[in-house]
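This report refers to the structure that appears directly beneath it.
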Amino acid sequence: MLKEATSLILKHTVVSRKHLTPELALRLITPDCPLWRATEEQTPFKDPFWAFYWPGGQATARFILDNGNLVKNRNILDVGCGCGAGSIAAAKMKAKRVLANDIDKFAVIATEINAKLNDITVETSTTNLIGDRCIEFDTILIGDMFYDEEFANLLFEWLHTLSADGKTVLIGDPGRHGLTARRRRSMSLLAKYRLPTHSTMENNGFTHSTVWRLNT
Amino acid sequence: MSRVLVGVKRVIDYAVKVRVKPDKTGVVTDGVKHSMNPFDEIAVEEAVKMKEKKIASEVIAVSCGPAQAQETLRTALAMGADRAIHVEVAGPAYDTLQPLHVAKILAKLSQDEKVDIVIVGKQAIDDDSNQTAQMTAALLDWPQATFASKVEKSGDGLTVTREIDGGLEVIKTKLPAVVSADLRLNEPRYATLPNIMKAKKKPLKKVTPKDLGVDIAPRIKVVSVEDPPVRQAGAVVPDVDALVAKLKEGGHI
């Protein structure tokens, strides 16, 4: 299964540096891949979210690479890791421990492939951690997970609990509808980035991405 | 920044050969490929461009029709609209849905959603009515900029270049306003896989004309739908002399 999934990922993606973190090489579906123009029915993967570098994830990874002190010697949990860029960035900046978590098994396989591509090793898991106390971690990365209203409700409540426990919660987001004005009021803006052309093509209507810290 | 409402209609795909029903009440739609009205694609593209240029804060796509209208709305969302409203009109009610009804629905939603700009395609390629933009503007008592080939923000209004007979006309409108998109306004983007995936999670609200207080009783009765007359086959003549002889024979010269 692992071997098949790996070869399927390798077959349908290419190595790309056309994003906010060009120092990271990532296997992604780009305009050079046939699947870029495919319909959902034509893809061998169900919702290959991990095959695209979401703008929120790009912003958190960029922010970590520019502000290594935020993750250095810390225990990082990357929830909804997707292609794994946030985890890889944290590991590169000398985090003590990094767990890349995503409920999609293809995402964690892609993360492992991408980690290797950048000479990094990260731990992975596919457990649904939403609601968990996450006692082993002090920093939580959320890269672009406010795209679904219902899920955003669950997520935000959980993140508040984690933040109340003293954990640092970093949220990357390009302005998805789940990150409402009311929610943004309980967060502090850390950085704003203009998205490269390549990323705007994957996110029609969005031009920037931001990083926020949840207030304690 | 403005809020933009875009109207999108699901129509028989432009590449399909349309067939008239044997009873002449309409055309065959069952099992026929449908897609977004091409002029509406241009309208969506323009609205999304406005969002990318920070002229618009939010783009709301609206479609009136049966359940399948949601597919058209998902396409609009994949092109970059932020959320969608499906005004459900199905069965016989949809068969007799007319531009006046759609205009009333768009006008009501424009007020409810507090939008500043309504953009629709100049006409739908199925019924070719070319009425919705004009009627919507009239119902709202807003200025209208129809057949737009260029839309620019200027001051607190819009400067719109219109395609008119024999040339172009440039007009200025205040906001709120209604714009209808002509062919040369822009080139709509293609909805790619990453955008299609993300569009599935964008909010889509369902309402009925009744919820909006719009009466959709038909005002126009379709008497008969006919195929265009079949052209008679021509003949190939070997040279100019033969052509002249034929034309003389036929009494044309």
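Note on naming: chains are A, B, ... as they come in the structure tokens, residues start from 1 per chain, ligands start from 1 in the order shown.
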
Within 12 Å of chain A, which residues of chain B show up when using only C-alpha atoms, listed as a compact mmCIF listing (two decimals) with C-alpha atoms, in the first residue's frame?
```txt
# COMPACT_ATOMS: atom_id res chain seq x y z
CA VAL B 44 -17.96 36.10 -12.98
CA GLU B 45 -14.45 36.72 -14.28
CA GLU B 46 -14.96 40.48 -14.07
CA ALA B 47 -16.29 40.24 -10.52
CA VAL B 48 -13.35 38.07 -9.41
CA LYS B 49 -10.93 40.49 -11.07
CA MET B 50 -12.56 43.28 -9.05
CA LYS B 51 -11.92 41.26 -5.90
CA GLU B 52 -8.30 40.67 -6.87
CA LYS B 53 -7.87 44.40 -7.55
CA LYS B 54 -9.39 45.14 -4.12
CA ILE B 55 -12.32 46.99 -5.70
CA ALA B 56 -14.67 44.31 -4.39
CA SER B 57 -14.68 42.82 -0.92
CA GLU B 58 -16.96 39.89 -1.69
CA VAL B 59 -18.41 38.18 -4.76
CA ILE B 60 -21.76 36.44 -4.42
CA THR B 75 -18.14 26.55 -11.22
CA ALA B 76 -18.60 30.21 -10.27
CA LEU B 77 -17.13 29.43 -6.83
CA ALA B 78 -14.19 27.63 -8.44
CA MET B 79 -13.61 30.70 -10.61
CA GLY B 80 -13.29 32.72 -7.41
CA ALA B 81 -16.72 33.75 -6.14
CA ASP B 82 -16.85 33.69 -2.33
CA ARG B 83 -20.31 32.27 -1.77
CA PRO B 188 -12.76 33.91 -18.31
CA ARG B 189 -10.36 31.67 -16.44
CA TYR B 190 -10.64 27.92 -16.47
CA ALA B 191 -11.71 26.24 -13.22
CA THR B 192 -8.69 24.05 -12.37
CA LEU B 193 -8.59 21.11 -9.95
CA PRO B 194 -7.22 23.04 -6.93
CA ASN B 195 -9.96 25.62 -7.34
CA ILE B 196 -12.69 23.03 -7.90
CA MET B 197 -11.66 21.23 -4.70
CA LYS B 198 -11.75 24.38 -2.62
CA ALA B 199 -15.03 25.51 -4.18
CA LYS B 200 -16.80 22.46 -2.75
CA LYS B 201 -16.37 23.88 0.74
CA LYS B 202 -17.55 27.41 0.01
CA PRO B 203 -20.97 28.36 1.42
CA LEU B 204 -24.00 27.73 -0.79
```

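The environment of range 96-108 of chain B within 8 Å, counting only C-alpha atoms and disregarding residues fewer than 5 places along the same chain, consists of Gly7, Val62, Cys64, Ser129, Gln131, Thr132, Ala133, Met135, Thr136, Ala137, Leu139, Leu140, Pro209, Leu212, Val214, Asp215, Ile216, Ala217, Pro218, Arg219 and Ile220 of chain B.
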
Save the residues we just selected, C-alpha atoms, as a compact mmCIF listing (two decimals), in the first residue's frame?
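So the final result, stored in again.txt, reads:
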```txt
# COMPACT_ATOMS: atom_id res chain seq x y z
CA GLY B 7 -26.01 36.18 -11.94
CA VAL B 62 -26.67 33.61 -7.78
CA CYS B 64 -32.15 30.41 -10.47
CA SER B 129 -33.62 37.55 -24.23
CA GLN B 131 -33.48 41.69 -20.62
CA THR B 132 -32.32 40.68 -17.15
CA ALA B 133 -29.72 43.43 -16.59
CA MET B 135 -35.00 44.99 -15.83
CA THR B 136 -32.93 44.52 -12.67
CA ALA B 137 -31.62 48.09 -12.97
CA LEU B 139 -36.59 47.53 -10.57
CA LEU B 140 -33.84 48.82 -8.28
CA PRO B 209 -38.69 32.69 -5.00
CA LEU B 212 -37.94 36.31 -1.52
CA VAL B 214 -41.27 37.01 -5.86
CA ASP B 215 -44.28 35.80 -7.85
CA ILE B 216 -43.08 33.62 -10.72
CA ALA B 217 -46.40 33.19 -12.52
CA PRO B 218 -45.58 33.42 -16.25
CA ARG B 219 -46.25 36.74 -17.99
CA ILE B 220 -45.37 35.46 -21.46
```

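Nearest residue to Glu187 in chain B among B:Met1, B:Leu109, B:Ile117, B:Ala43 is B:Ala43, counting only C-alpha atoms.
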
Using only C-alpha atoms, can you tell me which of A:Pro196, A:Gly166, A:Gly80, A:Pro34 comes closest to Arg133 in chain A?
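Answer, going by the shortest atom-to-atom distance: A:Gly166.
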
(message) Just to confirm, what's the straight-line distance from CA of Asn130 in chain B to CA of Gly65 in chain B in Å (one decimal)?
(response)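 So the two atoms, CA of Asn130 in chain B and CA of Gly65 in chain B, lie 17.9 Å apart.
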
- All strand (DSSP E) positions in range 89-161 of chain B, as a list in words: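 The residues of range 89-161 of chain B classed as strand (DSSP E) are Ile117, Val118, Ile119, Val120, Gly121, Gln144, Ala145, Thr146, Phe147, Ala148, Ser149, Lys150, Val151, Glu152, Lys153, Ser154, Gly157, Leu158, Thr159, Val160 and Thr161 of chain B.
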
**Interatomic distance, CA of Lys9 in chain B to CA of Gly213 in chain B (Å, one decimal)** =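 Result for CA of Lys9 in chain B versus CA of Gly213 in chain B: 20.7 Å, one decimal.
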
Pairwise distance, CA of Lys17 in chain B with CA of Val87 in chain B, equals 27.9 Å

Residues within 10 Å of Arg10 in chain B, please, as a ChimeraX atom specification. Count only C-alpha atoms; anything in the same chain fewer than 2 positions from it doesn't count.
/B:8,12-13,34-38,40,63-66,68-73,124-126

At a cut-off of 9 Å, using only C-alpha atoms, what residues contact Ser154 in chain B? Leave out same-chain residues fewer than 4 positions from it and give the result as a PyMOL selection string. chain B and resi 158-159+172

Residue subset to file, keeping C-alpha atoms, as a PDB file, in the first residue's frame:
```
ATOM      1  CA  LEU B 158     -17.590  53.190 -12.550  1.00  0.00           C
ATOM      2  CA  THR B 159     -16.346  54.164 -15.989  1.00  0.00           C
ATOM      3  CA  LYS B 172     -19.778  57.013 -16.092  1.00  0.00           C
TER       4      LYS B 172
END
```

Among the residues of chain A, find those DSSP assigns to alpha helix (DSSP H) from the backbone and print them as a PyMOL selection string. chain A and resi 2-12+55-66+85-92+105-117+149-164+181-184+197-202

Neighbours of Gln58 in chain A within 8 Å (only C-alpha atoms; same-chain residues fewer than 6 positions away dropped), as a PyMOL selection string?
-> chain A and resi 19-21+85-86+143+172+209

| said: as a list in words, please: the residues near range 111-116 of chain B (cut-off 8 Å, only C-alpha atoms, same-chain neighbours under 6 positions excluded). | reply: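 After dropping sequence-adjacent residues, the list is Ser2, Arg3, Val4, Leu5, Leu175, Pro176 and Ala177 of chain B.
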
Handout entry: Nearby residues (only C-alpha atoms) at most 7 Å from Lys206 in chain B, same-chain spacing under 6 positions excluded, as JSON, numbers by chain
Key = {"B": [85, 86, 87, 88]}
